[in-house]
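Written below as structure tokens is the structure these notes are about.
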Amino acid sequence: MATKREPIHGQWSGRLAFILAATGSAVGLGNIWKFPYIAGENGGGAFVLIYLLCIAVIGIPIMMAEVMLGRRGRRSPINTMRHLAGEENASPHWQWLGWAGVLAGFLILSYYSVIAGWALAYVFRAGSGLFTGLTADGVQSIFSNLVSEPERLLAWHTLFMVMTMIVVARGVRSGLEKAVRLLMPALFVLLVILVGYAWNSGSFEQGVAFLFQPDFSKITADGVLIAMGHAFFTLSLGMGAIMVYGSYLPDRISIAKTSIAVSLMDTLVALMAGMAIFPIVFANGLEPGAGPGLIFQTLPIAFGHMPYGAFFGMLFFVLLVFAAWSSAISLIEPAVAWLVENRSMTRVNASVLAGIATWSFGLLTVFSFNIWSGFKPLADKTLFDLLDYLTANIMLPLGGLLIALFAAWKMSRESSVDELAMGERFWYPLWRILVRYITPIGVTIVFLHAIGII
Ligand code: PFF
């Protein structure tokens, strides 16, 4: 068995710090922007149920596996996989899993930053009182004005990338860890206020029924894949983000408990966002399948009509920006950690390099909403749609599948018992059965189903 490795990029100060950082990574645009719009596009209840099932059966066990590999390897995901493969007598090709993760993080951040830019833009739109008294039409035209101008999107995207790289350059335990401690609970309180508004919107029951009453006739094979892909996306799994955070986790902390806590909080935030948004959708005769602009076309209606709406609206978008910020840094951390370890770069140079590359690639997304909106090279999808589909629905589940296979089949039982430290009774065998059989079979079935083989 390996001797314990020391982390080289620093360590979390303790259990709470890790939970906050991992929750900061998990809770982001995926919960508040993406979950409602994909649930809306895929018919609601049945989609939500499949998503919840995927979180419980696939997401939590894989999160444990990913944290475990990270803590055991104590390096960037690429080097972690290389070291662990060596230690467990597995093929050195396992390091490709780390590379695939770096690529996925880069691709995701390139569009994530553009959407986070929308949230930034809305901080100012909300704060200036622009939404006050507006109807659904007015709110919709504010959104179309924003996305139709590439220069504006580019400016916000640039600002968000700069913010991200500043934090990444300062290292894992910079100010953001402290900021998350305060801002996550604040975001939660604001969501409660929004659900309260939705409660009185007149269509609360309809909204909640849409979200929680499964109607399986509305779900397609692709919908199942999207639900599973989202379970990975929302928990930041399958690309090494959680692995790299796990590599900064002190030895004594329970991986199972922390993974479950993070997953529960993440799920709660997504469900609250859904409960805030769908009643507003129905009360205003909007379309649940409106697509990526959904929250930007619904929540401003609430802010425009509630007392102190300009203040709450501004606060909400500030918090959304912070949620996106703490996720964005984890998307690029695997790449930066590798550049520091293998290219002897300083964190600052590594961050600048990774930031410029990601920013440039983000132009594809910026233009997808305006000058290239008619360019749909495949399956009637814009470049943004394709990037999102490829990363969330294919790369992350595939990465997660390989993480599960490595953790459960290549790593010795002895190593995982030691690292997870759950004893050998009920919980450890349950986890092992899940990652050995249930998760790989589940992911494979969903893939085969989506491409029409079964
Ligand atoms: N989990 C983040 C969200 O829901 O917004 C997005 C994300 C972060 C995905 C980090 C993947 C990742 F590695």
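Every chain in the structure tokens takes a letter, A first, then B, and so on in the order presented; its residues are numbered from 1, and the ligands are numbered from 1 following the presented order.
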Which chain A residues have any atom within 10 Å of an atom of ligand 1, and for each, what is the nearest pair of atoms with distance in Å to one decimal, counting only C-alpha atoms and all ligand atoms, rows sorted by chain and number, as JSON lines?
```
{"residue": "A:Ala22", "atom": "CA", "partner": "ligand 1", "partner_atom_place_in_ligand_line": "1 (N)", "distance": 9.1}
{"residue": "A:Thr23", "atom": "CA", "partner": "ligand 1", "partner_atom_place_in_ligand_line": "1 (N)", "distance": 8.5}
{"residue": "A:Gly24", "atom": "CA", "partner": "ligand 1", "partner_atom_place_in_ligand_line": "1 (N)", "distance": 8.2}
{"residue": "A:Ser25", "atom": "CA", "partner": "ligand 1", "partner_atom_place_in_ligand_line": "8 (C)", "distance": 5.2}
{"residue": "A:Ala26", "atom": "CA", "partner": "ligand 1", "partner_atom_place_in_ligand_line": "1 (N)", "distance": 3.7}
{"residue": "A:Val27", "atom": "CA", "partner": "ligand 1", "partner_atom_place_in_ligand_line": "4 (O)", "distance": 5.0}
{"residue": "A:Gly28", "atom": "CA", "partner": "ligand 1", "partner_atom_place_in_ligand_line": "5 (O)", "distance": 3.3}
{"residue": "A:Leu29", "atom": "CA", "partner": "ligand 1", "partner_atom_place_in_ligand_line": "5 (O)", "distance": 3.9}
{"residue": "A:Gly30", "atom": "CA", "partner": "ligand 1", "partner_atom_place_in_ligand_line": "4 (O)", "distance": 3.2}
{"residue": "A:Asn31", "atom": "CA", "partner": "ligand 1", "partner_atom_place_in_ligand_line": "4 (O)", "distance": 5.1}
{"residue": "A:Ile32", "atom": "CA", "partner": "ligand 1", "partner_atom_place_in_ligand_line": "5 (O)", "distance": 7.9}
{"residue": "A:Trp33", "atom": "CA", "partner": "ligand 1", "partner_atom_place_in_ligand_line": "5 (O)", "distance": 8.2}
{"residue": "A:Lys34", "atom": "CA", "partner": "ligand 1", "partner_atom_place_in_ligand_line": "4 (O)", "distance": 7.8}
{"residue": "A:Phe35", "atom": "CA", "partner": "ligand 1", "partner_atom_place_in_ligand_line": "4 (O)", "distance": 8.4}
{"residue": "A:Gly101", "atom": "CA", "partner": "ligand 1", "partner_atom_place_in_ligand_line": "13 (F)", "distance": 8.2}
{"residue": "A:Val102", "atom": "CA", "partner": "ligand 1", "partner_atom_place_in_ligand_line": "13 (F)", "distance": 9.2}
{"residue": "A:Ala104", "atom": "CA", "partner": "ligand 1", "partner_atom_place_in_ligand_line": "13 (F)", "distance": 8.0}
{"residue": "A:Gly105", "atom": "CA", "partner": "ligand 1", "partner_atom_place_in_ligand_line": "13 (F)", "distance": 6.0}
{"residue": "A:Phe106", "atom": "CA", "partner": "ligand 1", "partner_atom_place_in_ligand_line": "13 (F)", "distance": 9.6}
{"residue": "A:Ile108", "atom": "CA", "partner": "ligand 1", "partner_atom_place_in_ligand_line": "9 (C)", "distance": 7.2}
{"residue": "A:Leu109", "atom": "CA", "partner": "ligand 1", "partner_atom_place_in_ligand_line": "8 (C)", "distance": 8.2}
{"residue": "A:Tyr112", "atom": "CA", "partner": "ligand 1", "partner_atom_place_in_ligand_line": "6 (C)", "distance": 7.9}
{"residue": "A:Ala116", "atom": "CA", "partner": "ligand 1", "partner_atom_place_in_ligand_line": "5 (O)", "distance": 9.8}
{"residue": "A:His230", "atom": "CA", "partner": "ligand 1", "partner_atom_place_in_ligand_line": "4 (O)", "distance": 8.2}
{"residue": "A:Ala231", "atom": "CA", "partner": "ligand 1", "partner_atom_place_in_ligand_line": "4 (O)", "distance": 8.9}
{"residue": "A:Phe232", "atom": "CA", "partner": "ligand 1", "partner_atom_place_in_ligand_line": "11 (C)", "distance": 7.3}
{"residue": "A:Phe233", "atom": "CA", "partner": "ligand 1", "partner_atom_place_in_ligand_line": "9 (C)", "distance": 4.4}
{"residue": "A:Thr234", "atom": "CA", "partner": "ligand 1", "partner_atom_place_in_ligand_line": "4 (O)", "distance": 3.5}
{"residue": "A:Leu235", "atom": "CA", "partner": "ligand 1", "partner_atom_place_in_ligand_line": "1 (N)", "distance": 4.9}
{"residue": "A:Ser236", "atom": "CA", "partner": "ligand 1", "partner_atom_place_in_ligand_line": "11 (C)", "distance": 3.5}
{"residue": "A:Leu237", "atom": "CA", "partner": "ligand 1", "partner_atom_place_in_ligand_line": "13 (F)", "distance": 5.7}
{"residue": "A:Gly238", "atom": "CA", "partner": "ligand 1", "partner_atom_place_in_ligand_line": "13 (F)", "distance": 7.0}
{"residue": "A:Met239", "atom": "CA", "partner": "ligand 1", "partner_atom_place_in_ligand_line": "13 (F)", "distance": 5.5}
{"residue": "A:Gly240", "atom": "CA", "partner": "ligand 1", "partner_atom_place_in_ligand_line": "13 (F)", "distance": 6.4}
{"residue": "A:Ala241", "atom": "CA", "partner": "ligand 1", "partner_atom_place_in_ligand_line": "13 (F)", "distance": 4.4}
{"residue": "A:Ile242", "atom": "CA", "partner": "ligand 1", "partner_atom_place_in_ligand_line": "13 (F)", "distance": 6.8}
{"residue": "A:Met243", "atom": "CA", "partner": "ligand 1", "partner_atom_place_in_ligand_line": "13 (F)", "distance": 9.2}
{"residue": "A:Val244", "atom": "CA", "partner": "ligand 1", "partner_atom_place_in_ligand_line": "13 (F)", "distance": 9.7}
{"residue": "A:Asp266", "atom": "CA", "partner": "ligand 1", "partner_atom_place_in_ligand_line": "4 (O)", "distance": 8.0}
{"residue": "A:Thr267", "atom": "CA", "partner": "ligand 1", "partner_atom_place_in_ligand_line": "4 (O)", "distance": 9.9}
{"residue": "A:Ala270", "atom": "CA", "partner": "ligand 1", "partner_atom_place_in_ligand_line": "4 (O)", "distance": 8.9}
{"residue": "A:Leu320", "atom": "CA", "partner": "ligand 1", "partner_atom_place_in_ligand_line": "5 (O)", "distance": 9.9}
{"residue": "A:Ala323", "atom": "CA", "partner": "ligand 1", "partner_atom_place_in_ligand_line": "5 (O)", "distance": 7.6}
{"residue": "A:Ala324", "atom": "CA", "partner": "ligand 1", "partner_atom_place_in_ligand_line": "5 (O)", "distance": 6.2}
{"residue": "A:Trp325", "atom": "CA", "partner": "ligand 1", "partner_atom_place_in_ligand_line": "5 (O)", "distance": 9.2}
{"residue": "A:Ser326", "atom": "CA", "partner": "ligand 1", "partner_atom_place_in_ligand_line": "8 (C)", "distance": 8.4}
{"residue": "A:Ser327", "atom": "CA", "partner": "ligand 1", "partner_atom_place_in_ligand_line": "8 (C)", "distance": 4.7}
{"residue": "A:Ala328", "atom": "CA", "partner": "ligand 1", "partner_atom_place_in_ligand_line": "8 (C)", "distance": 6.1}
{"residue": "A:Ile329", "atom": "CA", "partner": "ligand 1", "partner_atom_place_in_ligand_line": "10 (C)", "distance": 7.9}
{"residue": "A:Ser330", "atom": "CA", "partner": "ligand 1", "partner_atom_place_in_ligand_line": "10 (C)", "distance": 5.4}
{"residue": "A:Leu331", "atom": "CA", "partner": "ligand 1", "partner_atom_place_in_ligand_line": "10 (C)", "distance": 4.6}
{"residue": "A:Ile332", "atom": "CA", "partner": "ligand 1", "partner_atom_place_in_ligand_line": "13 (F)", "distance": 8.3}
{"residue": "A:Glu333", "atom": "CA", "partner": "ligand 1", "partner_atom_place_in_ligand_line": "13 (F)", "distance": 9.2}
{"residue": "A:Pro334", "atom": "CA", "partner": "ligand 1", "partner_atom_place_in_ligand_line": "13 (F)", "distance": 9.1}
{"residue": "A:Thr391", "atom": "CA", "partner": "ligand 1", "partner_atom_place_in_ligand_line": "11 (C)", "distance": 9.1}
{"residue": "A:Ala392", "atom": "CA", "partner": "ligand 1", "partner_atom_place_in_ligand_line": "9 (C)", "distance": 8.0}
{"residue": "A:Leu396", "atom": "CA", "partner": "ligand 1", "partner_atom_place_in_ligand_line": "11 (C)", "distance": 7.9}
```
Checklist line | Shell around Leu49 in chain A at 9 Å using only C-alpha atoms, local window under 5 positions removed, as a VMD selection string | finding: chain A and resid 44 54 211 to 214 227
Please save N, CA and C atoms of the selected residues as a PDB file, in the first residue's frame.
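Below you can see selection.pdb, which holds the result:
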```
ATOM      1  N   GLY A  44     -40.811  18.569 -17.537  1.00  0.00           N
ATOM      2  CA  GLY A  44     -41.037  18.690 -16.095  1.00  0.00           C
ATOM      3  C   GLY A  44     -40.888  17.406 -15.290  1.00  0.00           C
ATOM      4  N   CYS A  54     -30.763   9.849 -10.619  1.00  0.00           N
ATOM      5  CA  CYS A  54     -29.352   9.835 -11.045  1.00  0.00           C
ATOM      6  C   CYS A  54     -28.444  10.439  -9.979  1.00  0.00           C
ATOM      7  N   LEU A 211     -43.382  20.535 -11.989  1.00  0.00           N
ATOM      8  CA  LEU A 211     -42.058  20.107 -11.564  1.00  0.00           C
ATOM      9  C   LEU A 211     -42.048  18.714 -10.924  1.00  0.00           C
ATOM     10  N   PHE A 212     -43.132  18.382 -10.226  1.00  0.00           N
ATOM     11  CA  PHE A 212     -43.078  17.147  -9.429  1.00  0.00           C
ATOM     12  C   PHE A 212     -44.055  16.048  -9.842  1.00  0.00           C
ATOM     13  N   GLN A 213     -44.986  16.346 -10.764  1.00  0.00           N
ATOM     14  CA  GLN A 213     -45.889  15.261 -11.172  1.00  0.00           C
ATOM     15  C   GLN A 213     -45.361  14.609 -12.438  1.00  0.00           C
ATOM     16  N   PRO A 214     -44.811  13.405 -12.301  1.00  0.00           N
ATOM     17  CA  PRO A 214     -44.184  12.809 -13.470  1.00  0.00           C
ATOM     18  C   PRO A 214     -45.212  12.385 -14.525  1.00  0.00           C
ATOM     19  N   ALA A 227     -31.044  14.368 -18.455  1.00  0.00           N
ATOM     20  CA  ALA A 227     -31.221  14.333 -16.992  1.00  0.00           C
ATOM     21  C   ALA A 227     -29.984  13.739 -16.331  1.00  0.00           C
TER      22      ALA A 227
END
```
Note to self: DSSP on the backbone: which residues in range 131-295 of chain A end up as alpha helix (DSSP H)? Give the answer as a VMD selection string.
What the structure shows: chain A and resid 136 to 148 150 to 170 175 to 199 204 to 212 221 to 234 241 to 246 255 to 283 294 to 295
Next item on the list: For Val417 in chain A, list every protein, DNA or RNA residue within 12 Å, evaluated using only C-alpha atoms, and leave out those in the same chain fewer than 2 positions away; present the list as a list of chain:residue names.
Entry: A:Met1, A:Ala65, A:Met68, A:Arg72, A:Ile255, A:Ala256, A:Ala407, A:Ala408, A:Met411, A:Ser412, A:Arg413, A:Glu414, A:Ser415, A:Glu419, A:Leu420, A:Ala421, A:Met422, A:Gly423, A:Glu424, A:Arg425, A:Trp427, A:Tyr428, A:Pro429, A:Trp431, A:Arg432
List every residue of range 178-247 of chain A that has an atom at most 10 Å from any atom of range 384-389 of chain A, and for each one report the closest atom pair and its distance in Å to one decimal, counting only C-alpha atoms, with rows sorted by chain and then by increasing residue number, as CSV.
```
residue,atom,partner,partner_atom,distance
A:Leu225,CA,A:Tyr389,CA,9.9
A:Ile226,CA,A:Tyr389,CA,8.1
A:Gly229,CA,A:Tyr389,CA,8.7
```
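Considering only C-alpha atoms, the residue among A:Gly138, A:Gly10, A:Gly98, A:Gly207 positioned nearest to Phe296 in chain A is A:Gly138.
Coordinates place CA of Ala335 in chain A at a distance of 23.1 Å from CA of Leu383 in chain A.
Ranking A:Ala276, A:Ala290, A:Leu191, A:Leu363 by their shortest atom-to-atom distance to Thr158 in chain A, with only C-alpha atoms included, puts A:Leu363 first.
Of the listed residues (A:Gly40, A:Pro77, A:Pro61, A:Gly196), A:Pro77 comes nearest to Glu341 in chain A; the distances count only C-alpha atoms.
Using only C-alpha atoms for every distance, the candidate list A:Phe406, A:Phe311, A:Phe322, A:Phe216 yields A:Phe216 as the residue closest to Ala46 in chain A.
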Notebook entry, point to check: Can you tell me, as a PyMOL selection string, what residues are no more than 9 Å from Ser13 in chain A when counting only C-alpha atoms, ignoring any on the same chain fewer than 4 positions away?
Noted result: chain A and resi 17-18+173+249-250
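Each of A:Val318, A:Leu339, A:Asn284, A:Ala100 was compared to Met395 in chain A using only C-alpha atoms, and A:Ala100 turns out to be the nearest.
Nearest to Asn145 in chain A of all the residues A:Met161, A:Leu271, A:Ile58, A:Ala121 is A:Ala121, based on only C-alpha atoms.
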Notebook entry, point to check: Could you name the residues that touch Ala404 in chain A at 12 Å or less, counting only C-alpha atoms, but leaving out those on the same chain fewer than 6 positions away, as a PyMOL selection string?
Noted result: chain A and resi 58-69+97+237-238+397-398+410-411+416+431-443
Write out the residues from the selection above, keeping C-alpha atoms, as a short mmCIF file (atom, residue, chain, number, x, y, z; two decimals), in the first residue's frame.
```
data_model
loop_
_atom_site.label_atom_id
_atom_site.label_comp_id
_atom_site.auth_asym_id
_atom_site.auth_seq_id
_atom_site.Cartn_x
_atom_site.Cartn_y
_atom_site.Cartn_z
CA ILE A 58 -24.94 7.58 -9.73
CA GLY A 59 -23.95 11.04 -8.53
CA ILE A 60 -23.24 10.46 -4.84
CA PRO A 61 -21.21 7.24 -5.28
CA ILE A 62 -19.18 8.81 -8.09
CA MET A 63 -18.57 11.92 -6.05
CA MET A 64 -17.17 9.72 -3.30
CA ALA A 65 -15.00 7.89 -5.83
CA GLU A 66 -13.73 11.16 -7.30
CA VAL A 67 -12.87 12.72 -3.94
CA MET A 68 -11.22 9.48 -2.91
CA LEU A 69 -8.98 9.33 -5.99
CA LEU A 97 -8.86 10.47 -18.04
CA LEU A 237 -18.49 15.37 -11.58
CA GLY A 238 -16.65 13.53 -14.30
CA PRO A 397 -20.88 10.93 -17.89
CA LEU A 398 -18.09 9.16 -19.77
CA LYS A 410 -8.50 -1.08 -10.72
CA MET A 411 -7.94 0.23 -7.23
CA SER A 416 -10.39 2.14 -1.06
CA TRP A 431 -20.78 1.94 -2.15
CA ARG A 432 -18.67 -0.72 -3.80
CA ILE A 433 -21.67 -2.44 -5.37
CA LEU A 434 -22.93 0.90 -6.64
CA VAL A 435 -19.66 1.94 -8.29
CA ARG A 436 -18.76 -1.55 -9.49
CA TYR A 437 -22.04 -2.49 -11.10
CA ILE A 438 -24.96 -0.13 -10.78
CA THR A 439 -23.28 3.08 -11.92
CA PRO A 440 -21.42 1.66 -14.94
CA ILE A 441 -24.44 -0.33 -16.07
CA GLY A 442 -26.77 2.62 -15.54
CA VAL A 443 -24.61 5.05 -17.50
#
```
Check: Residues at most 8 Å from Ala350 in chain A, counting only C-alpha atoms, excluding those fewer than 3 positions away in the same chain, as an MDAnalysis selection string?
Finding: chainID A and resid 169 336 339:340 345:347 353:354
Take the selection from the previous step and output its residues with N, CA and C atoms, as an mmCIF file, in the first residue's frame.
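That gives us part.cif:
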```cif
data_model
loop_
_atom_site.group_PDB
_atom_site.id
_atom_site.type_symbol
_atom_site.label_atom_id
_atom_site.label_comp_id
_atom_site.auth_asym_id
_atom_site.auth_seq_id
_atom_site.Cartn_x
_atom_site.Cartn_y
_atom_site.Cartn_z
ATOM 1 N N ALA A 169 -5.540 32.606 -9.785
ATOM 2 C CA ALA A 169 -4.128 32.962 -9.645
ATOM 3 C C ALA A 169 -3.718 33.034 -8.172
ATOM 4 N N VAL A 336 -4.871 24.415 -14.389
ATOM 5 C CA VAL A 336 -3.862 25.272 -13.766
ATOM 6 C C VAL A 336 -2.939 24.447 -12.866
ATOM 7 N N LEU A 339 -0.432 22.752 -15.069
ATOM 8 C CA LEU A 339 0.595 23.673 -15.606
ATOM 9 C C LEU A 339 1.635 23.991 -14.540
ATOM 10 N N VAL A 340 1.175 24.146 -13.298
ATOM 11 C CA VAL A 340 2.107 24.445 -12.211
ATOM 12 C C VAL A 340 3.016 23.239 -11.937
ATOM 13 N N MET A 345 5.238 26.428 -14.063
ATOM 14 C CA MET A 345 4.770 27.813 -14.161
ATOM 15 C C MET A 345 4.382 28.319 -12.785
ATOM 16 N N THR A 346 4.369 29.634 -12.631
ATOM 17 C CA THR A 346 3.789 30.173 -11.398
ATOM 18 C C THR A 346 2.277 30.091 -11.567
ATOM 19 N N ARG A 347 1.549 30.155 -10.452
ATOM 20 C CA ARG A 347 0.085 30.106 -10.556
ATOM 21 C C ARG A 347 -0.431 31.261 -11.396
ATOM 22 N N LEU A 353 -2.514 32.104 -18.845
ATOM 23 C CA LEU A 353 -2.510 31.289 -20.061
ATOM 24 C C LEU A 353 -3.844 30.556 -20.237
ATOM 25 N N ALA A 354 -4.261 29.873 -19.173
ATOM 26 C CA ALA A 354 -5.522 29.120 -19.261
ATOM 27 C C ALA A 354 -6.695 30.075 -19.502
#
```
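We find CA of His449 in chain A and CA of Tyr37 in chain A to be spaced 22.7 Å apart.
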